[in-house]
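*Asks:* File name final27.cif; file contents mmCIF, C-alpha atoms; full text below.
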```
data_upload
loop_
_atom_site.label_atom_id
_atom_site.label_comp_id
_atom_site.auth_asym_id
_atom_site.auth_seq_id
_atom_site.Cartn_x
_atom_site.Cartn_y
_atom_site.Cartn_z
CA MET J 1 -42.41 -7.77 14.94
CA SER J 2 -38.99 -8.62 13.49
CA LEU J 3 -38.77 -11.03 10.59
CA PRO J 4 -36.18 -13.80 10.19
CA LEU J 5 -33.45 -13.25 7.59
CA THR J 6 -34.10 -15.63 4.69
CA ALA J 7 -31.44 -16.63 2.13
CA ASN J 8 -32.89 -14.11 -0.34
CA CYS J 9 -32.83 -11.38 2.28
CA LEU J 10 -29.22 -12.19 3.08
CA ARG J 11 -28.27 -12.05 -0.60
CA CYS J 12 -29.99 -8.68 -0.95
CA LEU J 13 -28.31 -7.39 2.19
CA LEU J 14 -24.91 -8.55 0.95
CA ALA J 15 -25.50 -6.91 -2.42
CA LEU J 16 -26.47 -3.66 -0.68
CA MET J 17 -23.35 -3.77 1.51
CA LEU J 18 -21.11 -4.41 -1.52
CA SER J 19 -22.82 -1.56 -3.34
CA CYS J 20 -22.21 0.72 -0.38
CA LEU J 21 -18.58 -0.45 -0.27
CA SER J 22 -18.05 0.56 -3.87
CA LEU J 23 -19.60 3.96 -3.19
CA THR J 24 -17.35 4.56 -0.17
CA ARG J 25 -14.12 3.26 -1.68
CA GLY J 26 -12.59 6.71 -1.27
CA ASN J 27 -12.90 6.46 2.50
CA ALA J 28 -9.49 5.40 3.82
CA GLN J 29 -11.10 4.28 7.09
CA SER J 30 -13.41 1.61 5.60
CA GLY J 31 -12.41 -1.64 7.29
CA PHE J 32 -10.13 0.06 9.84
CA GLN J 33 -12.04 1.24 12.90
CA PHE J 34 -10.11 2.14 16.03
CA ALA J 35 -10.65 2.41 19.75
CA HIS J 36 -8.78 5.22 21.49
CA ILE J 37 -6.90 5.76 24.74
CA ASP J 38 -5.83 9.24 25.77
CA PHE J 39 -5.53 11.53 28.80
CA THR J 40 -9.32 11.51 29.28
CA GLN J 41 -8.99 7.83 30.30
CA GLY J 42 -6.01 8.54 32.57
CA LEU J 43 -3.02 8.42 30.20
CA SER J 44 -0.32 10.74 31.56
CA ASN J 45 0.26 12.47 28.22
CA ASN J 46 -1.08 12.20 24.67
CA GLN J 47 2.38 11.94 23.07
CA VAL J 48 3.09 8.20 23.11
CA ASN J 49 6.63 7.27 22.11
CA ALA J 50 6.88 3.59 23.11
CA ILE J 51 4.50 0.65 23.62
CA TYR J 52 5.19 -2.79 25.08
CA LYS J 53 3.24 -5.73 26.54
CA ASP J 54 5.15 -7.57 29.26
CA THR J 55 5.07 -11.26 30.16
CA ARG J 56 2.61 -10.55 32.98
CA GLY J 57 0.08 -9.10 30.54
CA PHE J 58 0.45 -5.41 31.37
CA MET J 59 0.57 -2.87 28.56
CA TRP J 60 3.26 -0.23 29.03
CA LEU J 61 2.89 3.13 27.31
CA GLY J 62 5.87 5.48 27.36
CA THR J 63 4.97 9.13 26.90
CA MET J 64 6.80 12.46 26.93
CA SER J 65 5.59 12.88 30.51
CA GLY J 66 5.77 9.61 32.35
CA LEU J 67 5.57 5.82 32.04
CA ASN J 68 2.07 4.28 32.10
CA ARG J 69 1.17 0.72 33.14
CA TYR J 70 -2.25 -0.25 31.81
CA ASP J 71 -4.21 -3.32 32.92
CA GLY J 72 -7.11 -2.82 30.51
CA TYR J 73 -9.11 -0.81 33.06
CA GLN J 74 -6.88 1.77 34.67
CA PHE J 75 -3.40 3.28 34.62
CA LYS J 76 -0.58 3.38 37.10
CA ILE J 77 1.79 6.23 36.26
CA PHE J 78 5.53 6.27 37.06
CA ARG J 79 7.44 9.56 36.95
CA HIS J 80 10.78 11.05 37.92
CA ASN J 81 10.90 12.11 41.55
CA LEU J 82 13.77 14.34 42.70
CA SER J 83 13.60 12.92 46.23
CA ASP J 84 13.42 9.25 45.20
CA THR J 85 16.53 7.62 43.71
CA ASN J 86 14.45 4.54 42.86
CA SER J 87 12.21 6.50 40.50
CA LEU J 88 12.75 7.11 36.78
CA ASN J 89 15.73 9.29 35.88
CA ASP J 90 13.57 11.30 33.42
CA ASN J 91 9.93 11.53 32.31
CA PHE J 92 10.49 11.39 28.54
CA ILE J 93 10.21 7.70 27.63
CA SER J 94 11.59 6.60 24.25
CA ARG J 95 11.89 2.79 24.42
CA ILE J 96 10.63 -0.18 26.44
CA CYS J 97 11.81 -3.81 26.28
CA GLU J 98 12.04 -6.82 28.60
CA ASP J 99 15.03 -9.01 29.39
CA PRO J 100 15.00 -12.79 30.11
CA PHE J 101 14.79 -12.07 33.84
CA LYS J 102 11.44 -10.25 33.41
CA LYS J 103 12.95 -6.86 34.13
CA LEU J 104 12.00 -3.94 31.89
CA TRP J 105 14.56 -1.69 30.26
CA ILE J 106 13.13 1.81 30.07
CA GLN J 107 15.04 4.30 27.93
CA THR J 108 14.74 8.05 28.54
CA ARG J 109 16.71 11.11 27.49
CA GLU J 110 19.04 10.36 30.42
CA GLY J 111 19.72 6.73 29.44
CA PHE J 112 18.31 3.37 30.56
CA ASN J 113 16.42 2.50 33.74
CA ILE J 114 15.99 -1.12 34.90
CA TYR J 115 12.50 -1.73 36.33
CA ASP J 116 11.96 -4.59 38.77
CA PRO J 117 8.28 -5.64 38.65
CA ASP J 118 8.51 -7.32 42.06
CA THR J 119 9.61 -4.17 43.90
CA GLU J 120 8.22 -1.64 41.37
CA LYS J 121 11.51 0.27 41.67
CA PHE J 122 13.88 1.58 39.02
CA ASN J 123 17.63 1.08 38.92
CA ARG J 124 19.03 4.20 37.26
CA ASN J 125 22.47 2.65 36.83
CA PRO J 126 22.44 0.05 34.02
CA ILE J 127 26.21 -0.29 34.41
CA SER J 128 25.78 -2.04 37.78
CA TYR J 129 23.15 -4.32 36.24
CA LEU J 130 25.44 -5.19 33.31
CA LYS J 131 28.18 -6.05 35.81
CA SER J 132 25.80 -8.38 37.64
CA LEU J 133 25.30 -10.22 34.32
CA SER J 134 29.09 -10.40 33.76
CA LEU J 135 28.82 -8.09 30.76
CA PRO J 136 31.34 -5.33 30.00
CA VAL J 137 30.34 -1.77 30.82
CA ASN J 138 32.56 0.27 28.49
CA GLY J 139 31.09 1.16 25.11
CA PHE J 140 27.59 -0.05 25.95
CA SER J 141 25.19 1.44 23.37
CA ASP J 142 21.92 -0.50 23.16
CA VAL J 143 19.86 -3.52 24.16
CA ILE J 144 17.64 -5.46 21.75
CA GLN J 145 15.19 -8.24 22.53
CA THR J 146 14.49 -11.21 20.23
CA ARG J 147 12.50 -14.38 20.84
CA ASN J 148 15.62 -16.42 21.58
CA GLY J 149 17.23 -14.00 23.99
CA PHE J 150 18.65 -10.61 24.62
CA TRP J 151 21.36 -8.79 22.66
CA VAL J 152 23.64 -6.13 24.10
CA LEU J 153 25.37 -3.86 21.59
CA TYR J 154 28.68 -2.13 22.13
CA SER J 155 30.24 0.67 20.10
CA GLY J 156 32.79 -0.91 17.78
CA SER J 157 33.51 -3.88 20.06
CA GLY J 158 31.01 -6.53 19.03
CA ILE J 159 27.78 -7.82 20.54
CA TYR J 160 26.77 -10.14 23.36
CA HIS J 161 23.87 -12.57 23.40
CA PHE J 162 22.45 -14.00 26.57
CA ALA J 163 19.34 -15.84 27.71
CA ALA J 164 18.26 -17.03 31.13
CA GLY J 165 20.08 -20.24 32.06
CA LYS J 166 22.35 -20.17 29.02
CA LYS J 167 25.97 -19.25 28.45
CA THR J 168 26.61 -15.67 27.35
CA ILE J 169 28.10 -15.54 23.85
CA PHE J 170 30.42 -12.80 22.61
CA LEU J 171 30.38 -12.15 18.86
CA HIS J 172 33.09 -10.02 17.30
CA PRO J 173 35.05 -9.75 14.04
CA VAL J 174 37.82 -12.34 13.63
CA ALA J 175 40.54 -11.66 11.07
CA GLY J 176 40.61 -14.31 8.34
CA ASP J 177 37.26 -15.83 9.38
CA PRO J 178 34.55 -14.98 6.81
CA GLN J 179 31.85 -16.50 9.02
CA SER J 180 32.46 -14.12 11.91
CA ILE J 181 30.47 -10.89 11.99
CA ALA J 182 31.90 -7.96 10.09
CA GLY J 183 33.45 -4.97 11.79
CA GLY J 184 31.62 -1.69 12.22
CA GLN J 185 28.72 -0.53 14.37
CA ILE J 186 25.64 -2.77 14.31
CA ALA J 187 22.44 -0.74 14.01
CA ASP J 188 19.75 -3.35 14.72
CA ILE J 189 19.09 -7.07 15.24
CA ARG J 190 15.96 -9.14 14.60
CA GLU J 191 14.95 -12.79 14.43
CA ASP J 192 13.06 -14.37 11.52
CA SER J 193 10.37 -17.06 11.68
CA LYS J 194 12.96 -19.86 11.37
CA GLY J 195 15.08 -18.55 14.23
CA PHE J 196 17.86 -17.05 12.13
CA ILE J 197 19.27 -13.75 13.39
CA TRP J 198 19.54 -10.81 10.99
CA LEU J 199 21.92 -7.92 11.58
CA VAL J 200 22.18 -4.62 9.79
CA HIS J 201 25.27 -2.47 10.22
CA GLN J 202 25.09 1.30 10.13
CA ASN J 203 26.93 1.24 6.80
CA GLY J 204 24.11 -0.91 5.36
CA LEU J 205 25.82 -4.31 5.39
CA ILE J 206 23.31 -7.13 6.01
CA GLU J 207 24.26 -10.38 7.77
CA LYS J 208 22.36 -13.54 8.70
CA LEU J 209 23.44 -15.66 11.68
CA ASP J 210 22.72 -19.31 12.44
CA ASN J 211 21.38 -19.15 16.01
CA ARG J 212 22.84 -22.57 16.83
CA ASN J 213 26.49 -21.72 16.28
CA TYR J 214 26.38 -17.90 15.75
CA ARG J 215 28.13 -18.21 12.39
CA VAL J 216 27.37 -15.87 9.49
CA VAL J 217 25.62 -17.94 6.82
CA PHE J 218 24.68 -15.10 4.48
CA ARG J 219 25.92 -11.61 3.79
CA SER J 220 24.75 -8.91 1.38
CA ALA J 221 26.03 -5.42 0.56
CA ILE J 222 22.96 -4.51 -1.52
CA LEU J 223 21.66 -1.93 0.97
CA LYS J 224 25.18 -0.64 1.59
CA ASN J 225 25.68 -0.08 -2.12
CA GLU J 226 22.24 1.54 -2.48
CA ASN J 227 23.15 4.23 0.06
CA GLU J 228 26.87 4.38 -0.79
CA GLY J 229 27.92 3.10 2.62
CA ARG J 230 26.59 6.13 4.50
CA SER J 231 26.33 5.68 8.26
CA ILE J 232 22.61 5.42 8.97
CA PRO J 233 20.94 4.23 12.22
CA TYR J 234 18.77 1.64 10.49
CA HIS J 235 15.85 -0.16 12.09
CA LEU J 236 15.26 -3.73 10.93
CA PHE J 237 11.92 -5.53 10.67
CA THR J 238 11.29 -9.13 9.53
CA ASP J 239 7.85 -10.19 8.25
CA SER J 240 6.15 -13.60 8.32
CA GLN J 241 7.59 -14.50 4.90
CA ASP J 242 11.08 -13.69 6.17
CA ASP J 243 11.46 -10.67 3.95
CA ILE J 244 13.51 -7.92 5.57
CA TRP J 245 12.55 -4.26 5.91
CA PHE J 246 14.78 -1.30 6.75
CA TYR J 247 13.95 2.25 7.76
CA SER J 248 15.58 5.03 9.74
CA VAL J 249 13.72 7.37 12.09
CA GLY J 250 14.29 10.98 11.12
CA ASN J 251 15.59 10.22 7.62
CA VAL J 252 13.38 11.01 4.63
CA ASP J 253 14.18 7.72 2.90
CA GLY J 254 10.89 5.82 3.19
CA VAL J 255 11.47 2.07 3.60
CA TYR J 256 13.60 -0.57 1.89
CA TYR J 257 12.13 -4.02 1.26
CA TYR J 258 14.65 -6.85 0.82
CA GLN J 259 13.89 -10.38 -0.44
CA PRO J 260 16.89 -12.57 0.49
CA GLU J 261 15.99 -15.50 -1.78
CA LYS J 262 16.07 -13.21 -4.81
CA ASN J 263 18.68 -10.83 -3.40
CA GLU J 264 16.38 -8.01 -4.52
CA LEU J 265 15.99 -4.66 -2.81
CA LYS J 266 12.93 -2.47 -3.39
CA HIS J 267 12.53 1.11 -2.25
CA LEU J 268 9.10 2.35 -1.14
CA SER J 269 8.77 6.12 -1.04
CA LYS J 270 6.55 8.95 -2.23
CA THR J 271 8.09 8.85 -5.69
CA ASN J 272 7.64 5.10 -6.22
CA MET J 273 4.55 4.21 -8.23
CA PRO J 274 2.67 1.96 -7.99
CA GLY J 275 2.91 1.30 -4.28
CA GLY J 276 4.15 4.71 -3.23
CA LEU J 277 4.01 6.03 0.33
CA ASN J 278 2.30 9.31 1.17
CA ASN J 279 5.15 10.34 3.50
CA ASN J 280 8.84 9.36 3.60
CA LEU J 281 9.33 9.91 7.35
CA VAL J 282 8.82 6.45 8.87
CA ASN J 283 8.68 5.86 12.65
CA GLY J 284 7.58 2.23 12.95
CA MET J 285 6.48 -0.98 11.23
CA VAL J 286 4.39 -4.04 12.13
CA GLU J 287 2.63 -6.83 10.23
CA ASP J 288 -1.04 -7.61 10.86
CA ASP J 289 -2.62 -11.08 10.92
CA LYS J 290 -3.50 -10.81 7.22
CA GLY J 291 0.12 -10.27 6.21
CA ARG J 292 -0.30 -6.56 5.51
CA ILE J 293 2.63 -4.34 6.47
CA TRP J 294 1.70 -1.30 8.55
CA ILE J 295 4.09 1.61 8.08
CA GLY J 296 3.69 4.44 10.58
CA THR J 297 4.63 7.81 9.14
CA ASP J 298 5.03 11.38 10.36
CA HIS J 299 1.97 13.36 9.11
CA GLY J 300 0.88 10.59 6.70
CA GLY J 301 -0.95 8.32 9.14
CA VAL J 302 -0.48 4.59 8.58
CA ASN J 303 0.42 3.32 5.12
CA VAL J 304 -0.79 -0.29 4.82
CA PHE J 305 1.25 -2.15 2.20
CA ASN J 306 -0.15 -5.24 0.46
CA LYS J 307 2.80 -7.25 -0.81
CA GLU J 308 0.76 -9.45 -3.16
CA GLU J 309 -0.87 -6.50 -4.87
CA ASN J 310 2.12 -4.16 -4.50
CA SER J 311 -0.29 -1.48 -3.34
CA VAL J 312 -0.54 0.95 -0.45
CA ARG J 313 -3.69 1.98 1.40
CA PHE J 314 -3.64 5.15 3.48
CA VAL J 315 -5.27 4.95 6.92
CA THR J 316 -5.64 8.49 8.21
CA ASN J 317 -7.59 10.64 10.62
CA ALA J 318 -11.05 11.79 9.56
CA PRO J 319 -12.08 14.72 11.80
CA ASP J 320 -15.77 13.79 11.65
CA ASP J 321 -15.24 10.07 12.35
CA ASN J 322 -14.48 9.19 15.97
CA LYS J 323 -13.55 5.63 14.95
CA SER J 324 -10.78 6.77 12.63
CA LEU J 325 -7.09 7.03 13.50
CA SER J 326 -6.73 9.63 16.27
CA GLN J 327 -3.93 11.56 14.52
CA ASN J 328 -1.72 11.35 11.42
CA CYS J 329 1.60 11.88 13.21
CA ILE J 330 2.58 8.32 14.14
CA THR J 331 5.35 7.93 16.70
CA THR J 332 5.38 4.14 17.17
CA LEU J 333 3.60 0.92 16.18
CA TYR J 334 3.26 -2.24 18.28
CA LYS J 335 1.54 -5.60 17.72
CA ASP J 336 0.55 -7.58 20.79
CA GLY J 337 0.34 -11.36 21.15
CA LEU J 338 -3.39 -11.38 20.37
CA GLY J 339 -2.99 -9.66 17.00
CA GLY J 340 -4.03 -6.22 18.22
CA ILE J 341 -2.17 -3.25 16.76
CA TRP J 342 -1.39 -0.26 18.96
CA VAL J 343 -0.67 3.02 17.20
CA GLY J 344 1.12 5.66 19.24
CA THR J 345 0.67 9.25 18.07
CA TYR J 346 2.29 12.63 18.67
CA LYS J 347 -0.73 14.39 20.19
CA GLY J 348 -3.63 11.91 19.95
CA GLY J 349 -2.75 9.21 22.49
CA VAL J 350 -3.09 5.60 21.30
CA SER J 351 -5.37 4.16 18.62
CA TYR J 352 -6.06 0.42 18.90
CA TYR J 353 -7.11 -1.91 16.07
CA HIS J 354 -8.03 -5.58 16.00
CA GLU J 355 -9.44 -7.49 13.04
CA GLY J 356 -12.22 -9.02 15.16
CA MET J 357 -13.16 -5.81 16.97
CA THR J 358 -15.73 -4.72 14.37
CA ARG J 359 -18.01 -7.32 12.82
CA PHE J 360 -19.85 -5.05 10.40
CA PRO J 361 -18.66 -2.03 8.41
CA TRP J 362 -20.34 1.23 9.36
CA TYR J 363 -21.44 3.59 6.62
CA ARG J 364 -22.59 7.07 7.54
CA HIS J 365 -22.59 10.68 6.39
CA GLN J 366 -19.14 12.27 6.61
CA PRO J 367 -18.85 15.88 5.40
CA SER J 368 -15.17 15.45 4.56
CA ILE J 369 -15.87 12.56 2.15
CA ALA J 370 -17.89 13.53 -0.89
CA ASN J 371 -19.10 10.02 -1.77
CA SER J 372 -20.17 8.96 1.73
CA LEU J 373 -23.87 8.57 2.49
CA PRO J 374 -25.71 11.87 1.82
CA TYR J 375 -27.69 11.45 5.08
CA ASP J 376 -27.47 9.15 8.09
#
```
Take the structure in the file and write it out as structure tokens.

*Replies:*
Amino acid sequence: MSLPLTANCLRCLLALMLSCLSLTRGNAQSGFQFAHIDFTQGLSNNQVNAIYKDTRGFMWLGTMSGLNRYDGYQFKIFRHNLSDTNSLNDNFISRICEDPFKKLWIQTREGFNIYDPDTEKFNRNPISYLKSLSLPVNGFSDVIQTRNGFWVLYSGSGIYHFAAGKKTIFLHPVAGDPQSIAGGQIADIREDSKGFIWLVHQNGLIEKLDNRNYRVVFRSAILKNENEGRSIPYHLFTDSQDDIWFYSVGNVDGVYYYQPEKNELKHLSKTNMPGGLNNNLVNGMVEDDKGRIWIGTDHGGVNVFNKEENSVRFVTNAPDDNKSLSQNCITTLYKDGLGGIWVGTYKGGVSYYHEGMTRFPWYRHQPSIANSLPYD
């Protein structure tokens, strides 16, 4: 016969759990338990390079061997077909985003494909699609999605912003106008919580745009000066406190953390203590619902940065724990609209984490962790 939990029993149980927590503090997985999706569930390949959730609720997983549409139960796989001109132009998927017309832009080694969800066909010629939107075709380099629309980048010739039902705006440098965008190649664009648009140029120049009139309201050369104006393909990430983060895939620079109100730039890397990373190769960043910054690294797993404590926690694979991160080589990070975090890996498929997924911590014997339970 089971007995009801009295207040004293609950206090004892809590004390026991806290005691266990202190004994297992060395376990990087405590508090972070993952579900996994890989080829055994139907994923086309375990190298996942891109993750996106579309407006219809489908999860899209781009791998080195095909594009996967996941409905929570099963996969539909799209691949290149030599005899079908409406198929993907290549199987290696590197990026996925959605435009205001609900079409997906799928980037491969051979360029962009435009996917129409109504016909489930791919347009391999983005030039024709750009023409249909009255956008120029020469110098096209990238497309970037923000909450207030879609940005099209061109090499050295400015940027265009468009949204469904709105006038397309062309932004370019104007001589003698300090509130126009600066010249030079723009590396990335993101929107902050107040709707302002942040740009980072490849030379490190940072600009902030008012989204109502597209005028530059703030500009800083702090990152440019830090890296001596070197041309770097920066990625930009804005957190919930409107602090700005910069990293570059393939560069061993770690991440830069910029606080606009203070005009302060911090550098997080292996050599920075306290708060150092365990690996300087960064491939993605997201923020969880608790305000922690997840930094996906190559061979270092996920480095979870706590801004208030200025500390980093390493979330890594434990070979004897099937609820740990599936692999330490992180290729991409994505946060969905429900707060779930999807971690794409090089050879381990996808690991999925949600704060509400596990109600109770699980303590067990793990041979690789000396201070885990001695027996189960």

*Asks:* May I ask for the distance between CA of Leu171 (chain J) and CA of Cys97 (chain J), given in Å to one decimal place?

*Replies:*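 According to the coordinates, CA of Leu171 (chain J) and CA of Cys97 (chain J) are separated by 21.7 Å.
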
*Asks:* Of the candidates J:Glu110, J:Asp243, J:Glu120, J:Asp99, which one gets nearest to Phe78 (chain J) if we count all atoms listed in the file?

*Replies:* J:Glu120

*Asks:* If you count all atoms listed in the file, which residues fall within 8 Å of Tyr115 (chain J), apart from same-chain ones fewer than 6 positions away, as a list in words?

*Replies:*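 My list of contacting residues is Lys103, Leu104, Trp105, Ile106, Lys121, Phe122 and Asn123 of chain J.
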
*Asks:* Output the residue selection produced by the PyMOL selection byres ((chain J and resi 207) around 8) on the file above, formatted as a ChimeraX atom specification.

*Replies:* /J:181,198-200,205-206,208-209,216-220

*Asks:* For the structure provided, state which residues fall under the PyMOL selection byres ((chain J and resi 254-262) around 9), and present them as a list in words.

*Replies:* Ser220, Ile222, Leu223, Asp242, Asp243, Ile244, Trp245, Phe246, Tyr247, Ser248, Asn251, Val252, Asp253, Asn263, Glu264, Leu265, Lys266, His267, Leu268, Ser269, Lys270, Leu277, Asn279, Asn280, Leu281, Val282, Ile295 and Thr297 of chain J

*Asks:* Go ahead and write the residues just picked, C-alpha atoms, as an mmCIF file, in the coordinates of the input.

*Replies:*
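selection_39.cif written:
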```
data_model
loop_
_atom_site.group_PDB
_atom_site.id
_atom_site.type_symbol
_atom_site.label_atom_id
_atom_site.label_comp_id
_atom_site.auth_asym_id
_atom_site.auth_seq_id
_atom_site.Cartn_x
_atom_site.Cartn_y
_atom_site.Cartn_z
ATOM 1 C CA SER J 220 24.750 -8.910 1.380
ATOM 2 C CA ILE J 222 22.960 -4.510 -1.520
ATOM 3 C CA LEU J 223 21.660 -1.930 0.970
ATOM 4 C CA ASP J 242 11.080 -13.690 6.170
ATOM 5 C CA ASP J 243 11.460 -10.670 3.950
ATOM 6 C CA ILE J 244 13.510 -7.920 5.570
ATOM 7 C CA TRP J 245 12.550 -4.260 5.910
ATOM 8 C CA PHE J 246 14.780 -1.300 6.750
ATOM 9 C CA TYR J 247 13.950 2.250 7.760
ATOM 10 C CA SER J 248 15.580 5.030 9.740
ATOM 11 C CA ASN J 251 15.590 10.220 7.620
ATOM 12 C CA VAL J 252 13.380 11.010 4.630
ATOM 13 C CA ASP J 253 14.180 7.720 2.900
ATOM 14 C CA ASN J 263 18.680 -10.830 -3.400
ATOM 15 C CA GLU J 264 16.380 -8.010 -4.520
ATOM 16 C CA LEU J 265 15.990 -4.660 -2.810
ATOM 17 C CA LYS J 266 12.930 -2.470 -3.390
ATOM 18 C CA HIS J 267 12.530 1.110 -2.250
ATOM 19 C CA LEU J 268 9.100 2.350 -1.140
ATOM 20 C CA SER J 269 8.770 6.120 -1.040
ATOM 21 C CA LYS J 270 6.550 8.950 -2.230
ATOM 22 C CA LEU J 277 4.010 6.030 0.330
ATOM 23 C CA ASN J 279 5.150 10.340 3.500
ATOM 24 C CA ASN J 280 8.840 9.360 3.600
ATOM 25 C CA LEU J 281 9.330 9.910 7.350
ATOM 26 C CA VAL J 282 8.820 6.450 8.870
ATOM 27 C CA ILE J 295 4.090 1.610 8.080
ATOM 28 C CA THR J 297 4.630 7.810 9.140
#
```

*Asks:* Written as a list in words, what is the full residue list that the PyMOL selection byres ((chain J and resi 163) around 12) yields on the file shown?

*Replies:*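 What the PyMOL selection byres ((chain J and resi 163) around 12) grabs from the file is Glu98, Asp99, Pro100, Phe101, Lys102, Leu133, Gln145, Thr146, Arg147, Asn148, Gly149, Phe150, Trp151, Val152, Tyr160, His161, Phe162, Ala164, Gly165, Lys166, Lys167, Thr168 and Ile169 of chain J.
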
*Asks:* Using all atoms listed in the file, which of the listed residues (J:Glu228, J:Asp321, J:Asp239, J:Glu287) sits closest to Arg190 (chain J)?

*Replies:*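 With all atoms listed in the file as the atom set, the closest residue is J:Asp239.
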
*Asks:* J:Tyr129, J:Tyr73, J:Phe305, J:Phe170: which is nearest Ile37 (chain J), counting all atoms listed in the file?

*Replies:*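 Nearest candidate to Ile37 (chain J) out of J:Tyr129, J:Tyr73, J:Phe305, J:Phe170: J:Tyr73.
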
*Asks:* Nearest to Ile330 (chain J) among J:Val315, J:Val302, J:Ala175, J:Ala182, with distances taken over all atoms listed in the file: which residue is it?

*Replies:*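 Closest to Ile330 (chain J) of all the choices is J:Val302.
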
*Asks:* CA of Asn283 (chain J) to CA of Ile369 (chain J): how many Å, to one decimal?

*Replies:*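 Interatomic distance, CA of Asn283 (chain J) to CA of Ile369 (chain J): 27.5 Å.
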
*Asks:* Under the rule that only C-alpha atoms are counted, which of J:Gly301, J:Gly57, J:Gly356, J:Pro367 is the nearest residue to Pro319 (chain J)?

*Replies:*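 Residue with the minimum atom-to-atom distance to Pro319 (chain J): J:Pro367.
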
*Asks:* Could you work out how far CA of Gly156 (chain J) lies from CA of Leu135 (chain J), giving the answer in Å with one decimal?

*Replies:*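 So the answer is 15.4 Å.
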
*Asks:* Using only C-alpha atoms, find each residue in region 260-312 of chain J having at least one atom no more than 12 Å away from region 338-345 of chain J; report its shortest atom-to-atom pair and that distance in Å (one decimal), rows by chain then rising number, as JSON lines.

*Replies:*
```
{"residue": "J:Asn283", "atom": "CA", "partner": "J:Gly344", "partner_atom": "CA", "distance": 10.0}
{"residue": "J:Gly284", "atom": "CA", "partner": "J:Val343", "partner_atom": "CA", "distance": 9.3}
{"residue": "J:Met285", "atom": "CA", "partner": "J:Val343", "partner_atom": "CA", "distance": 10.1}
{"residue": "J:Val286", "atom": "CA", "partner": "J:Ile341", "partner_atom": "CA", "distance": 8.1}
{"residue": "J:Glu287", "atom": "CA", "partner": "J:Ile341", "partner_atom": "CA", "distance": 8.9}
{"residue": "J:Asp288", "atom": "CA", "partner": "J:Gly339", "partner_atom": "CA", "distance": 6.8}
{"residue": "J:Asp289", "atom": "CA", "partner": "J:Gly339", "partner_atom": "CA", "distance": 6.3}
{"residue": "J:Lys290", "atom": "CA", "partner": "J:Gly339", "partner_atom": "CA", "distance": 9.9}
{"residue": "J:Gly291", "atom": "CA", "partner": "J:Gly339", "partner_atom": "CA", "distance": 11.2}
{"residue": "J:Arg292", "atom": "CA", "partner": "J:Ile341", "partner_atom": "CA", "distance": 11.9}
{"residue": "J:Ile293", "atom": "CA", "partner": "J:Ile341", "partner_atom": "CA", "distance": 11.4}
{"residue": "J:Trp294", "atom": "CA", "partner": "J:Ile341", "partner_atom": "CA", "distance": 9.3}
{"residue": "J:Ile295", "atom": "CA", "partner": "J:Val343", "partner_atom": "CA", "distance": 10.4}
{"residue": "J:Gly296", "atom": "CA", "partner": "J:Val343", "partner_atom": "CA", "distance": 8.1}
{"residue": "J:Thr297", "atom": "CA", "partner": "J:Thr345", "partner_atom": "CA", "distance": 9.9}
{"residue": "J:Asp298", "atom": "CA", "partner": "J:Thr345", "partner_atom": "CA", "distance": 9.1}
{"residue": "J:His299", "atom": "CA", "partner": "J:Thr345", "partner_atom": "CA", "distance": 9.9}
{"residue": "J:Gly300", "atom": "CA", "partner": "J:Thr345", "partner_atom": "CA", "distance": 11.5}
{"residue": "J:Gly301", "atom": "CA", "partner": "J:Thr345", "partner_atom": "CA", "distance": 9.1}
{"residue": "J:Val302", "atom": "CA", "partner": "J:Val343", "partner_atom": "CA", "distance": 8.8}
```

*Asks:* Report as number ranges by chain all protein, DNA and RNA residues lying within 7 Å of Asn49 (chain J), evaluated on all atoms listed in the file, omitting residues in the same chain fewer than 3 positions from it.

*Replies:* J: 62-63, 93-94, 331-332, 344

*Asks:* Up to 10 Å from (-1.6, 7.6, 31.6) in the file's coordinates: name the residues, counting only C-alpha atoms, as a PyMOL selection string.

*Replies:* chain J and resi 37-46+48+60-63+65-70+74-78+349

*Asks:* Would you kindly identify which residues have an atom no farther than 7 Å from (-8.5, -2.9, 15.4), using only C-alpha atoms and the file's own coordinates, and write them out as a PDB file with C-alpha atoms, in the coordinates of the input?

*Replies:*
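Once written, selection.pdb looks like this:
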```
ATOM      1  CA  PHE J  32     -10.130   0.060   9.840  1.00  0.00           C
ATOM      2  CA  GLN J  33     -12.040   1.240  12.900  1.00  0.00           C
ATOM      3  CA  PHE J  34     -10.110   2.140  16.030  1.00  0.00           C
ATOM      4  CA  GLY J 340      -4.030  -6.220  18.220  1.00  0.00           C
ATOM      5  CA  ILE J 341      -2.170  -3.250  16.760  1.00  0.00           C
ATOM      6  CA  TYR J 352      -6.060   0.420  18.900  1.00  0.00           C
ATOM      7  CA  TYR J 353      -7.110  -1.910  16.070  1.00  0.00           C
ATOM      8  CA  HIS J 354      -8.030  -5.580  16.000  1.00  0.00           C
ATOM      9  CA  GLU J 355      -9.440  -7.490  13.040  1.00  0.00           C
ATOM     10  CA  MET J 357     -13.160  -5.810  16.970  1.00  0.00           C
TER      11      MET J 357
END
```

*Asks:* Write out as a ChimeraX atom specification the residues lying within 9 Å of Gly183 (chain J), counting only C-alpha atoms and excluding same-chain residues fewer than 2 positions away.

*Replies:* /J:156-158,172-174,181,185-186,201

*Asks:* Can I get the selected residues back with C-alpha atoms, as an mmCIF file, keeping the file's coordinate frame?

*Replies:*
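Printed below is again09.cif as written:
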```cif
data_model
loop_
_atom_site.group_PDB
_atom_site.id
_atom_site.type_symbol
_atom_site.label_atom_id
_atom_site.label_comp_id
_atom_site.auth_asym_id
_atom_site.auth_seq_id
_atom_site.Cartn_x
_atom_site.Cartn_y
_atom_site.Cartn_z
ATOM 1 C CA GLY J 156 32.790 -0.910 17.780
ATOM 2 C CA SER J 157 33.510 -3.880 20.060
ATOM 3 C CA GLY J 158 31.010 -6.530 19.030
ATOM 4 C CA HIS J 172 33.090 -10.020 17.300
ATOM 5 C CA PRO J 173 35.050 -9.750 14.040
ATOM 6 C CA VAL J 174 37.820 -12.340 13.630
ATOM 7 C CA ILE J 181 30.470 -10.890 11.990
ATOM 8 C CA GLN J 185 28.720 -0.530 14.370
ATOM 9 C CA ILE J 186 25.640 -2.770 14.310
ATOM 10 C CA HIS J 201 25.270 -2.470 10.220
#
```
